[in-house]
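A.B. asks: This is protein-v2.cif, which holds mmCIF, C-alpha atoms:
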data_work
#
loop_
_atom_site.group_PDB
_atom_site.id
_atom_site.type_symbol
_atom_site.label_atom_id
_atom_site.label_comp_id
_atom_site.auth_asym_id
_atom_site.auth_seq_id
_atom_site.Cartn_x
_atom_site.Cartn_y
_atom_site.Cartn_z
ATOM 1 C CA MET A 67 -6.311 5.857 14.868
ATOM 2 C CA ILE A 68 -5.179 5.190 11.290
ATOM 3 C CA LEU A 69 -7.387 5.543 8.225
ATOM 4 C CA THR A 70 -6.892 3.661 4.980
ATOM 5 C CA VAL A 71 -8.555 4.616 1.703
ATOM 6 C CA THR A 72 -9.445 2.131 -1.045
ATOM 7 C CA LEU A 73 -11.561 3.684 -3.771
ATOM 8 C CA ASN A 74 -11.672 0.408 -5.729
ATOM 9 C CA VAL A 75 -12.232 -2.332 -3.136
ATOM 10 C CA ALA A 76 -12.242 -5.931 -4.320
ATOM 11 C CA LEU A 77 -13.072 -9.488 -3.458
ATOM 12 C CA ASP A 78 -9.667 -11.175 -3.740
ATOM 13 C CA ARG A 79 -9.435 -14.867 -4.529
ATOM 14 C CA THR A 80 -5.962 -16.402 -4.233
ATOM 15 C CA VAL A 81 -5.343 -19.990 -5.385
ATOM 16 C CA ALA A 82 -2.186 -22.090 -5.225
ATOM 17 C CA VAL A 83 -1.630 -24.176 -8.361
ATOM 18 C CA PRO A 84 1.639 -26.115 -8.782
ATOM 19 C CA ARG A 85 3.344 -25.985 -12.192
ATOM 20 C CA ILE A 86 0.581 -24.052 -13.867
ATOM 21 C CA ALA A 87 0.577 -24.006 -17.665
ATOM 22 C CA LEU A 88 -1.822 -22.109 -19.922
ATOM 23 C CA GLY A 89 -4.287 -24.305 -21.804
ATOM 24 C CA ASN A 90 -4.152 -27.174 -19.283
ATOM 25 C CA ARG A 91 -6.541 -28.289 -16.564
ATOM 26 C CA HIS A 92 -5.210 -27.904 -13.004
ATOM 27 C CA ARG A 93 -6.320 -28.674 -9.471
ATOM 28 C CA ALA A 94 -5.694 -26.035 -6.810
ATOM 29 C CA ILE A 95 -4.015 -27.257 -3.614
ATOM 30 C CA ASP A 96 -5.038 -24.236 -1.542
ATOM 31 C CA ALA A 97 -7.349 -21.245 -1.872
ATOM 32 C CA ARG A 98 -8.315 -18.181 0.088
ATOM 33 C CA VAL A 99 -10.976 -15.505 -0.400
ATOM 34 C CA THR A 100 -10.536 -12.153 1.343
ATOM 35 C CA ALA A 101 -11.649 -8.558 1.165
ATOM 36 C CA GLY A 102 -9.063 -6.726 -0.896
ATOM 37 C CA GLY A 103 -7.730 -3.633 -2.546
ATOM 38 C CA LYS A 104 -4.441 -2.137 -1.364
ATOM 39 C CA GLY A 105 -5.865 0.059 1.396
ATOM 40 C CA VAL A 106 -7.962 -2.831 2.719
ATOM 41 C CA ASN A 107 -4.853 -5.032 2.765
ATOM 42 C CA VAL A 108 -3.005 -2.340 4.742
ATOM 43 C CA ALA A 109 -5.907 -2.189 7.206
ATOM 44 C CA ARG A 110 -5.828 -5.976 7.660
ATOM 45 C CA ALA A 111 -2.109 -5.893 8.406
ATOM 46 C CA LEU A 112 -2.524 -2.984 10.832
ATOM 47 C CA LYS A 113 -5.234 -4.938 12.671
ATOM 48 C CA SER A 114 -2.831 -7.881 12.972
ATOM 49 C CA LEU A 115 -0.241 -5.498 14.418
ATOM 50 C CA GLY A 116 -2.698 -4.309 17.059
ATOM 51 C CA GLU A 117 -3.280 -0.845 15.591
ATOM 52 C CA PRO A 118 -6.660 0.942 15.660
ATOM 53 C CA VAL A 119 -7.678 1.290 12.023
ATOM 54 C CA ILE A 120 -10.718 2.040 9.863
ATOM 55 C CA ALA A 121 -10.799 0.954 6.213
ATOM 56 C CA ALA A 122 -12.690 3.578 4.205
ATOM 57 C CA GLY A 123 -13.618 3.398 0.545
ATOM 58 C CA LEU A 124 -16.277 2.831 -2.093
ATOM 59 C CA ALA A 125 -18.220 -0.442 -2.301
ATOM 60 C CA ALA A 126 -20.992 -1.618 -4.598
ATOM 61 C CA GLY A 127 -23.611 -4.320 -4.971
ATOM 62 C CA PRO A 128 -23.597 -7.927 -3.757
ATOM 63 C CA THR A 129 -19.827 -8.179 -3.961
ATOM 64 C CA GLY A 130 -19.570 -5.092 -1.769
ATOM 65 C CA VAL A 131 -21.847 -6.785 0.768
ATOM 66 C CA ARG A 132 -19.582 -9.856 0.771
ATOM 67 C CA ILE A 133 -16.508 -7.647 1.265
ATOM 68 C CA ARG A 134 -18.139 -6.073 4.307
ATOM 69 C CA GLU A 135 -18.993 -9.515 5.690
ATOM 70 C CA LEU A 136 -15.433 -10.731 5.321
ATOM 71 C CA LEU A 137 -14.004 -7.662 7.050
ATOM 72 C CA GLY A 138 -16.520 -8.138 9.824
ATOM 73 C CA ASP A 139 -15.350 -11.736 10.246
ATOM 74 C CA GLU A 140 -11.786 -10.420 10.608
ATOM 75 C CA GLN A 141 -12.944 -7.714 13.038
ATOM 76 C CA VAL A 142 -11.498 -5.002 10.778
ATOM 77 C CA LEU A 143 -13.532 -1.809 11.133
ATOM 78 C CA TYR A 144 -14.753 -0.356 7.834
ATOM 79 C CA ASP A 145 -16.722 2.645 6.599
ATOM 80 C CA PHE A 146 -17.643 2.228 2.934
ATOM 81 C CA THR A 147 -19.691 4.625 0.838
ATOM 82 C CA GLU A 148 -22.167 2.717 -1.336
ATOM 83 C CA VAL A 149 -22.113 3.339 -5.101
ATOM 84 C CA ALA A 150 -24.013 1.838 -8.031
ATOM 85 C CA GLY A 151 -22.957 -1.358 -9.785
ATOM 86 C CA ASP A 152 -20.933 -4.177 -8.246
ATOM 87 C CA SER A 153 -17.462 -4.194 -6.715
ATOM 88 C CA ARG A 154 -14.771 -6.071 -8.595
ATOM 89 C CA THR A 155 -13.377 -9.557 -8.060
ATOM 90 C CA ASN A 156 -9.638 -10.159 -8.490
ATOM 91 C CA LEU A 157 -7.896 -13.499 -9.037
ATOM 92 C CA SER A 158 -4.313 -14.299 -8.023
ATOM 93 C CA ILE A 159 -2.747 -17.619 -9.061
ATOM 94 C CA VAL A 160 0.349 -18.626 -7.120
ATOM 95 C CA ASP A 161 2.660 -21.429 -8.281
ATOM 96 C CA PRO A 162 4.285 -22.775 -5.089
ATOM 97 C CA ALA A 163 6.758 -24.796 -7.156
ATOM 98 C CA SER A 164 8.341 -21.748 -8.818
ATOM 99 C CA GLY A 165 7.138 -18.857 -6.666
ATOM 100 C CA GLU A 166 5.638 -17.181 -9.729
ATOM 101 C CA GLN A 167 2.289 -15.494 -9.457
ATOM 102 C CA THR A 168 -0.275 -14.233 -11.935
ATOM 103 C CA GLU A 169 -2.837 -11.559 -11.113
ATOM 104 C CA ILE A 170 -6.072 -10.871 -13.003
ATOM 105 C CA ASN A 171 -7.764 -7.689 -11.773
ATOM 106 C CA GLU A 172 -11.193 -6.459 -12.851
ATOM 107 C CA ARG A 173 -11.811 -2.754 -13.468
ATOM 108 C CA GLY A 174 -14.459 -2.130 -10.833
ATOM 109 C CA PRO A 175 -17.734 -0.152 -10.891
ATOM 110 C CA GLN A 176 -18.170 3.187 -12.624
ATOM 111 C CA VAL A 177 -18.243 6.050 -10.106
ATOM 112 C CA THR A 178 -19.469 9.622 -10.425
ATOM 113 C CA ALA A 179 -18.295 12.993 -9.176
ATOM 114 C CA GLU A 180 -21.193 12.915 -6.726
ATOM 115 C CA ASP A 181 -20.000 9.548 -5.364
ATOM 116 C CA LEU A 182 -16.533 10.967 -4.752
ATOM 117 C CA GLU A 183 -17.930 14.107 -3.144
ATOM 118 C CA ARG A 184 -20.017 12.031 -0.714
ATOM 119 C CA PHE A 185 -16.990 9.893 0.104
ATOM 120 C CA THR A 186 -14.734 12.919 0.613
ATOM 121 C CA ASP A 187 -17.155 14.480 3.076
ATOM 122 C CA ARG A 188 -17.324 11.210 5.005
ATOM 123 C CA LEU A 189 -13.525 10.826 4.994
ATOM 124 C CA VAL A 190 -13.009 14.328 6.376
ATOM 125 C CA TYR A 191 -15.475 13.476 9.154
ATOM 126 C CA LEU A 192 -13.583 10.290 10.006
ATOM 127 C CA ALA A 193 -10.287 12.184 9.903
ATOM 128 C CA GLY A 194 -11.328 14.057 13.024
ATOM 129 C CA GLY A 195 -10.075 11.084 15.045
ATOM 130 C CA ALA A 196 -7.154 10.061 12.815
ATOM 131 C CA ASP A 197 -3.391 10.384 13.273
ATOM 132 C CA PHE A 198 -2.471 9.238 9.767
ATOM 133 C CA CYS A 199 -4.107 8.179 6.496
ATOM 134 C CA VAL A 200 -2.895 5.697 3.868
ATOM 135 C CA ILE A 201 -4.321 6.215 0.368
ATOM 136 C CA ALA A 202 -3.450 3.250 -1.807
ATOM 137 C CA GLY A 203 -4.318 1.463 -5.010
ATOM 138 C CA SER A 204 -5.943 2.212 -8.337
ATOM 139 C CA LEU A 205 -8.780 4.597 -9.088
ATOM 140 C CA PRO A 206 -12.119 3.153 -10.221
ATOM 141 C CA PRO A 207 -13.530 3.944 -13.662
ATOM 142 C CA GLY A 208 -15.045 7.425 -13.761
ATOM 143 C CA ALA A 209 -12.655 8.976 -11.223
ATOM 144 C CA GLU A 210 -10.459 11.796 -12.490
ATOM 145 C CA ALA A 211 -6.681 11.502 -12.152
ATOM 146 C CA ASP A 212 -6.648 14.247 -9.507
ATOM 147 C CA ALA A 213 -9.065 12.406 -7.187
ATOM 148 C CA TYR A 214 -6.310 11.487 -4.735
ATOM 149 C CA ALA A 215 -4.901 15.012 -4.865
ATOM 150 C CA GLU A 216 -8.272 16.339 -3.727
ATOM 151 C CA LEU A 217 -8.367 13.877 -0.819
ATOM 152 C CA ILE A 218 -4.807 14.772 0.224
ATOM 153 C CA SER A 219 -5.600 18.491 0.128
ATOM 154 C CA ARG A 220 -8.722 18.053 2.246
ATOM 155 C CA LEU A 221 -6.873 15.910 4.781
ATOM 156 C CA ARG A 222 -4.025 18.426 4.974
ATOM 157 C CA GLU A 223 -6.586 21.095 5.839
ATOM 158 C CA VAL A 224 -7.600 19.119 8.936
ATOM 159 C CA GLY A 225 -4.011 18.272 9.881
ATOM 160 C CA VAL A 226 -3.894 14.584 8.912
ATOM 161 C CA PRO A 227 -0.674 13.479 7.138
ATOM 162 C CA VAL A 228 -1.087 11.144 4.165
ATOM 163 C CA LEU A 229 0.980 8.299 2.733
ATOM 164 C CA LEU A 230 0.232 7.840 -0.977
ATOM 165 C CA ASP A 231 0.857 4.574 -2.832
ATOM 166 C CA THR A 232 -0.459 4.507 -6.377
ATOM 167 C CA ALA A 233 0.858 4.812 -9.926
ATOM 168 C CA GLY A 234 0.716 6.795 -13.146
ATOM 169 C CA ASP A 235 -1.200 10.053 -13.472
ATOM 170 C CA PRO A 236 -2.969 9.676 -10.087
ATOM 171 C CA MET A 237 0.437 9.452 -8.423
ATOM 172 C CA ARG A 238 1.861 12.466 -10.246
ATOM 173 C CA ALA A 239 -1.233 14.547 -9.491
ATOM 174 C CA GLY A 240 -1.289 13.338 -5.892
ATOM 175 C CA MET A 241 2.301 14.398 -5.273
ATOM 176 C CA ARG A 242 1.464 17.952 -6.283
ATOM 177 C CA ALA A 243 -0.886 18.018 -3.267
ATOM 178 C CA GLN A 244 2.153 17.416 -1.005
ATOM 179 C CA PRO A 245 1.527 14.104 0.774
ATOM 180 C CA ALA A 246 3.692 13.431 3.827
ATOM 181 C CA VAL A 247 5.118 10.314 2.161
ATOM 182 C CA VAL A 248 4.951 8.708 -1.262
ATOM 183 C CA ALA A 249 5.845 5.009 -1.448
ATOM 184 C CA PRO A 250 5.897 3.470 -4.949
ATOM 185 C CA ASN A 251 7.610 0.229 -5.898
ATOM 186 C CA VAL A 252 10.454 0.277 -8.436
ATOM 187 C CA ALA A 253 8.253 0.011 -11.534
ATOM 188 C CA GLU A 254 5.893 2.733 -10.290
ATOM 189 C CA ALA A 255 8.823 5.004 -9.438
ATOM 190 C CA GLU A 256 10.383 4.492 -12.865
ATOM 191 C CA GLU A 257 7.087 5.469 -14.485
ATOM 192 C CA ALA A 258 6.801 8.558 -12.283
ATOM 193 C CA VAL A 259 10.300 9.915 -12.974
ATOM 194 C CA GLY A 260 10.413 8.832 -16.618
ATOM 195 C CA TYR A 261 13.464 6.571 -16.786
ATOM 196 C CA GLU A 262 14.556 3.025 -15.925
ATOM 197 C CA PHE A 263 16.891 2.345 -13.026
ATOM 198 C CA THR A 264 20.096 0.649 -14.181
ATOM 199 C CA GLU A 265 22.458 1.669 -11.365
ATOM 200 C CA PRO A 266 21.945 1.704 -7.576
ATOM 201 C CA GLU A 267 22.395 5.487 -7.583
ATOM 202 C CA ASP A 268 19.369 5.796 -9.875
ATOM 203 C CA LEU A 269 17.117 4.849 -6.960
ATOM 204 C CA PHE A 270 18.403 7.715 -4.831
ATOM 205 C CA SER A 271 18.177 10.142 -7.746
ATOM 206 C CA ALA A 272 14.569 9.080 -8.217
ATOM 207 C CA LEU A 273 13.835 9.674 -4.531
ATOM 208 C CA ALA A 274 15.067 13.256 -4.904
ATOM 209 C CA THR A 275 12.878 13.700 -7.985
ATOM 210 C CA LEU A 276 9.808 12.399 -6.139
ATOM 211 C CA VAL A 277 10.426 14.969 -3.412
ATOM 212 C CA GLU A 278 10.871 17.696 -6.019
ATOM 213 C CA MET A 279 7.481 16.653 -7.437
ATOM 214 C CA GLY A 280 5.838 17.516 -4.126
ATOM 215 C CA ALA A 281 6.147 14.675 -1.607
ATOM 216 C CA GLU A 282 7.634 15.645 1.751
ATOM 217 C CA GLU A 283 9.445 12.293 2.003
ATOM 218 C CA ALA A 284 9.825 9.393 -0.436
ATOM 219 C CA ILE A 285 10.254 5.629 -0.189
ATOM 220 C CA ILE A 286 10.841 3.146 -3.010
ATOM 221 C CA THR A 287 10.159 -0.473 -2.094
ATOM 222 C CA THR A 288 12.449 -3.084 -3.688
ATOM 223 C CA GLU A 289 12.621 -6.887 -3.754
ATOM 224 C CA SER A 290 15.084 -6.865 -0.853
ATOM 225 C CA GLY A 291 13.600 -4.009 1.195
ATOM 226 C CA CYS A 292 13.481 -0.279 0.482
ATOM 227 C CA VAL A 293 15.380 2.954 -0.004
ATOM 228 C CA ALA A 294 14.146 6.281 1.317
ATOM 229 C CA LEU A 295 14.792 9.996 1.470
ATOM 230 C CA ALA A 296 13.662 11.218 4.885
ATOM 231 C CA GLY A 297 13.785 14.412 6.906
ATOM 232 C CA GLY A 298 13.137 18.094 6.289
ATOM 233 C CA PRO A 299 14.364 20.272 3.401
ATOM 234 C CA HIS A 300 17.637 21.159 5.131
ATOM 235 C CA SER A 301 18.403 17.794 6.755
ATOM 236 C CA ARG A 302 17.658 15.072 4.225
ATOM 237 C CA THR A 303 18.907 11.540 4.969
ATOM 238 C CA ARG A 304 19.319 8.656 2.566
ATOM 239 C CA ILE A 305 18.293 5.358 4.155
ATOM 240 C CA GLU A 306 18.445 1.791 2.888
ATOM 241 C CA ALA A 307 16.821 -1.137 4.731
ATOM 242 C CA THR A 308 17.251 -4.690 3.437
ATOM 243 C CA ILE A 309 16.753 -8.313 4.457
ATOM 244 C CA GLU A 310 18.090 -11.564 3.036
ATOM 245 C CA PRO A 311 15.386 -13.275 0.934
ATOM 246 C CA LEU A 312 13.118 -15.732 2.755
ATOM 247 C CA PRO A 313 11.552 -18.856 1.224
ATOM 248 C CA THR A 314 8.310 -17.437 -0.150
ATOM 249 C CA VAL A 315 4.783 -18.808 -0.004
ATOM 250 C CA ALA A 316 3.295 -15.786 -1.832
ATOM 251 C CA SER A 317 4.544 -12.237 -2.283
ATOM 252 C CA ILE A 318 1.154 -10.721 -3.187
ATOM 253 C CA GLY A 319 0.461 -7.862 -0.784
ATOM 254 C CA SER A 320 3.943 -7.732 0.749
ATOM 255 C CA GLY A 321 4.141 -4.046 -0.166
ATOM 256 C CA ASP A 322 0.863 -3.427 1.662
ATOM 257 C CA ALA A 323 2.248 -5.147 4.770
ATOM 258 C CA PHE A 324 5.335 -2.930 4.488
ATOM 259 C CA LEU A 325 3.121 0.158 4.508
ATOM 260 C CA ALA A 326 1.281 -1.097 7.590
ATOM 261 C CA GLY A 327 4.512 -1.638 9.502
ATOM 262 C CA TYR A 328 5.913 1.711 8.435
ATOM 263 C CA VAL A 329 2.783 3.647 9.439
ATOM 264 C CA LYS A 330 2.454 1.803 12.766
ATOM 265 C CA SER A 331 6.056 2.731 13.597
ATOM 266 C CA ARG A 332 5.654 6.312 12.448
ATOM 267 C CA ARG A 333 2.545 6.701 14.593
ATOM 268 C CA ALA A 334 4.560 5.345 17.538
ATOM 269 C CA GLY A 335 7.254 7.998 17.000
ATOM 270 C CA LEU A 336 10.117 5.736 15.904
ATOM 271 C CA SER A 337 13.069 7.134 13.976
ATOM 272 C CA PRO A 338 12.925 6.992 10.162
ATOM 273 C CA GLN A 339 15.419 4.124 10.301
ATOM 274 C CA GLY A 340 13.246 2.265 12.806
ATOM 275 C CA CYS A 341 10.081 2.836 10.774
ATOM 276 C CA LEU A 342 11.668 1.471 7.611
ATOM 277 C CA ALA A 343 13.217 -1.543 9.360
ATOM 278 C CA TYR A 344 9.889 -2.513 10.899
ATOM 279 C CA GLY A 345 8.139 -2.019 7.578
ATOM 280 C CA VAL A 346 10.615 -4.285 5.784
ATOM 281 C CA ALA A 347 10.163 -6.924 8.502
ATOM 282 C CA CYS A 348 6.387 -6.796 8.001
ATOM 283 C CA GLY A 349 6.713 -7.088 4.229
ATOM 284 C CA ALA A 350 9.071 -10.035 4.537
ATOM 285 C CA GLU A 351 6.912 -11.866 7.088
ATOM 286 C CA SER A 352 3.811 -11.457 4.945
ATOM 287 C CA THR A 353 5.445 -13.529 2.170
ATOM 288 C CA GLN A 354 5.079 -16.560 4.466
ATOM 289 C CA HIS A 355 1.276 -16.535 4.091
ATOM 290 C CA LEU A 356 -1.300 -16.987 1.351
ATOM 291 C CA GLY A 357 -3.473 -13.873 1.266
ATOM 292 C CA ALA A 358 -2.532 -10.204 0.936
ATOM 293 C CA GLY A 359 -1.956 -8.258 4.145
ATOM 294 C CA THR A 360 -1.721 -11.399 6.289
ATOM 295 C CA LEU A 361 1.102 -11.534 8.812
ATOM 296 C CA ASP A 362 2.149 -12.767 12.267
ATOM 297 C CA ALA A 363 3.100 -9.896 14.580
ATOM 298 C CA ASN A 364 5.265 -12.142 16.751
ATOM 299 C CA GLU A 365 7.320 -13.278 13.774
ATOM 300 C CA VAL A 366 7.689 -9.661 12.647
ATOM 301 C CA GLY A 367 9.362 -8.894 15.969
ATOM 302 C CA ARG A 368 11.858 -11.679 15.322
ATOM 303 C CA LEU A 369 12.631 -10.520 11.787
ATOM 304 C CA VAL A 370 13.318 -6.911 12.783
ATOM 305 C CA ASP A 371 16.691 -8.008 14.156
ATOM 306 C CA LEU A 372 17.609 -9.365 10.703
ATOM 307 C CA ILE A 373 17.117 -6.049 8.897
ATOM 308 C CA ALA A 374 20.289 -4.280 7.741
ATOM 309 C CA VAL A 375 19.870 -0.488 7.865
ATOM 310 C CA SER A 376 22.322 2.121 6.594
ATOM 311 C CA SER A 377 21.900 5.879 6.421
ATOM 312 C CA THR A 378 23.941 8.791 5.126
ATOM 313 C CA PRO A 379 23.268 12.525 4.814
ATOM 314 C CA ALA A 380 21.890 13.406 1.392
ATOM 315 C CA PRO A 381 24.332 15.313 -0.845
ATOM 316 C CA ALA A 382 24.176 19.094 -0.816
ATOM 317 C CA GLY A 383 21.559 20.412 -3.187
ATOM 318 C CA VAL A 384 19.069 17.595 -2.660
ATOM 319 C CA VAL A 385 15.752 19.261 -1.885
#
For the file at hand, write its structure as structure tokens.

C.D. replies:
Amino acid sequence: MILTVTLNVALDRTVAVPRIALGNRHRAIDARVTAGGKGVNVARALKSLGEPVIAAGLAAGPTGVRIRELLGDEQVLYDFTEVAGDSRTNLSIVDPASGEQTEINERGPQVTAEDLERFTDRLVYLAGGADFCVIAGSLPPGAEADAYAELISRLREVGVPVLLDTAGDPMRAGMRAQPAVVAPNVAEAEEAVGYEFTEPEDLFSALATLVEMGAEEAIITTESGCVALAGGPHSRTRIEATIEPLPTVASIGSGDAFLAGYVKSRRAGLSPQGCLAYGVACGAESTQHLGAGTLDANEVGRLVDLIAVSSTPAPAGVV
């Protein structure tokens, strides 16, 4: 079984509005409301891929009730710890004419140290039946930057490897707790290592830095796929997995679908190259749907054959 953690769950509303312009009145041509937050999106994608998964997190108020109802409708198992206030609502506006998208995310309810302690105890209990855990997304107001680091440490104690996907101080603190994998996008990786990527080699240098910061392995997701540094300290391998761009309906949540495909493959014991190829296929397929974490498992199987994968041993001296 796979666990996902979303400490700031959301009600996600996605609307398609052609040729949107600020200050004008528009009519949406499509809309979708789903339970959201990055870990929830990963759980949805894992369910579509046939994986046993439980979405854990913090939920609050009437919006939290609606989030539970929506997950129940999708038959996604969840285990949320109730906190005070009301869970956030996020709005994504997709322009199908240009492919551009605009996201407006609320902050979420204020949480306390006691809330996080109750959640941590519950997560450790759930971890007794877990093979892997994905911790993803932003922290809610009131949570300290080391909140994810504490979760990673507790999960390591019970032998559950963790994939971490977040940004900023929570990411830097989380890496010090030695997650099995860290998987930022390009912007998040640039923030973590402290410089912009201007050359292809910068991505691989950043991967090495992320490992030096504490992650056992590192992945950076890109517009065309991903690059990764995989393997143990004495046998590191650089891997790149890419796909030709597909006509896109919406790219919101494609990174979450990538994580789902990667974790499913890792749980199944595939090679690092196989895990990354399947993850890229999942991310690409998800761009064909409106709604984060939505994908067609049959189409993913078709796209896997279109993924170009290359790997080379990491240079001597790479940790």

A.B. asks: Check which residues satisfy the PyMOL selection byres ((chain A and resi 95) around 7) in the file shown, then give them as number ranges by chain.

C.D. replies: A: 82-83, 93-94, 96

A.B. asks: What do you get, as a PyMOL selection string, if you spell out every residue that the PyMOL selection byres ((chain A and resi 163) around 8) selects here?

C.D. replies: chain A and resi 84-85+161-162+164-165

A.B. asks: Which residues would end up in the selection if the PyMOL selection byres ((chain A and resi 108-120) around 9) were applied here, given that I need the answer as a PyMOL selection string?

C.D. replies: chain A and resi 67-71+103-107+121-122+137+140-145+192+196+200+202+319+321-327+329-330+348+352+358-364

A.B. asks: Give the answer as one residue: which of A:Leu295, A:Ala215, A:Ala179, A:Arg302 has the shortest atom-to-atom distance to Asp235 in chain A, using only C-alpha atoms?

C.D. replies: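 Once distances to Asp235 in chain A are computed over only C-alpha atoms, the minimum belongs to A:Ala215.
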
A.B. asks: Excluding same-chain residues fewer than 5 positions from Val277 in chain A, what lies within 12 Å of it counting all atoms listed in the file, as a PyMOL selection string?

C.D. replies: chain A and resi 238+241-249+255+258-259+270-272+282-286+294-299+302+384-385

A.B. asks: So which residues touch Glu180 in chain A within 12 Å, counting only C-alpha atoms, skipping near sequence neighbours fewer than 3 positions away, as JSON, numbers by chain?

C.D. replies: {"A": [147, 148, 149, 150, 176, 177, 183, 184, 185, 186, 187, 208, 209]}

A.B. asks: Would you compute the box with edges along x, y and z of the file around range 321-333 of chain A, including every atom the file lists for it and 5 Å extra on each side, and give its centre and edge lengths in Å to one decimal, as JSON?

C.D. replies:
{"center_x": 3.5, "center_y": 0.8, "center_z": 7.2, "size_x": 15.2, "size_y": 21.8, "size_z": 24.8}

A.B. asks: Calculate how many Å separate CA of Gly240 in chain A from CA of Thr100 in chain A, rounding to one decimal.

C.D. replies: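 Between CA of Gly240 in chain A and CA of Thr100 in chain A the gap is 28.1 Å.
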
A.B. asks: Compare A:Leu276, A:Ile373, A:Val315, A:Arg154 by their minimum atom-to-atom distance to Cys341 in chain A, counting only C-alpha atoms, and give me the closest one.

C.D. replies: A:Ile373

A.B. asks: Between CA of Val293 in chain A and CA of Pro381 in chain A, measure the distance and give it in Å to one decimal.

C.D. replies: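 Answer for the CA of Val293 in chain A to CA of Pro381 in chain A separation: 15.3 Å.
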
A.B. asks: So which one's closest to Arg222 in chain A, A:Pro207, A:Pro313, A:Gly345, A:Gly194? Using all atoms listed in the file, please.

C.D. replies: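 Answer, going by the shortest atom-to-atom distance: A:Gly194.
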
A.B. asks: Would you mind reading off the distance between CA of Glu256 in chain A and CA of Ala211 in chain A, one decimal, in Å?

C.D. replies: 18.5 Å

A.B. asks: Quick one: everything within 9 Å of Val252 in chain A, counting all atoms listed in the file, minus sequence neighbours fewer than 6 positions away in the same chain. Send it as a PyMOL selection string.

C.D. replies: chain A and resi 262-263+269+286-289

A.B. asks: May I have the selected residues written with C-alpha atoms, as a tab-separated table (two decimals), in the coordinates of the input?

C.D. replies:
chain	number	residue	atom	x	y	z
A	262	GLU	CA	14.56	3.02	-15.92
A	263	PHE	CA	16.89	2.35	-13.03
A	269	LEU	CA	17.12	4.85	-6.96
A	286	ILE	CA	10.84	3.15	-3.01
A	287	THR	CA	10.16	-0.47	-2.09
A	288	THR	CA	12.45	-3.08	-3.69
A	289	GLU	CA	12.62	-6.89	-3.75

A.B. asks: Counting all atoms listed in the file, figure out which residue out of A:Asp197, A:Glu172, A:Ala126, A:Ser204 gets nearest to Gly335 in chain A.

C.D. replies: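 Closest candidate: A:Asp197.
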
A.B. asks: Hey, which of A:Gly367, A:Pro227, A:Gly174, A:Pro338 ends up closest to Gly151 in chain A? Count all atoms listed in the file.

C.D. replies: A:Gly174

A.B. asks: Using all atoms listed in the file, which protein or nucleic acid residues come within 8 Å of Arg132 in chain A? Drop anything in the same chain fewer than 4 positions from it, and give the result as a ChimeraX atom specification.

C.D. replies: /A:77,128,136

A.B. asks: Go through A:Leu342, A:Glu267, A:Leu230, A:Pro236 one by one, measure the shortest atom-to-atom distance of each to Ala213 in chain A using all atoms listed in the file, and give the residue with the smallest value.

C.D. replies: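 The shortest atom-to-atom distance to Ala213 in chain A comes from A:Pro236.
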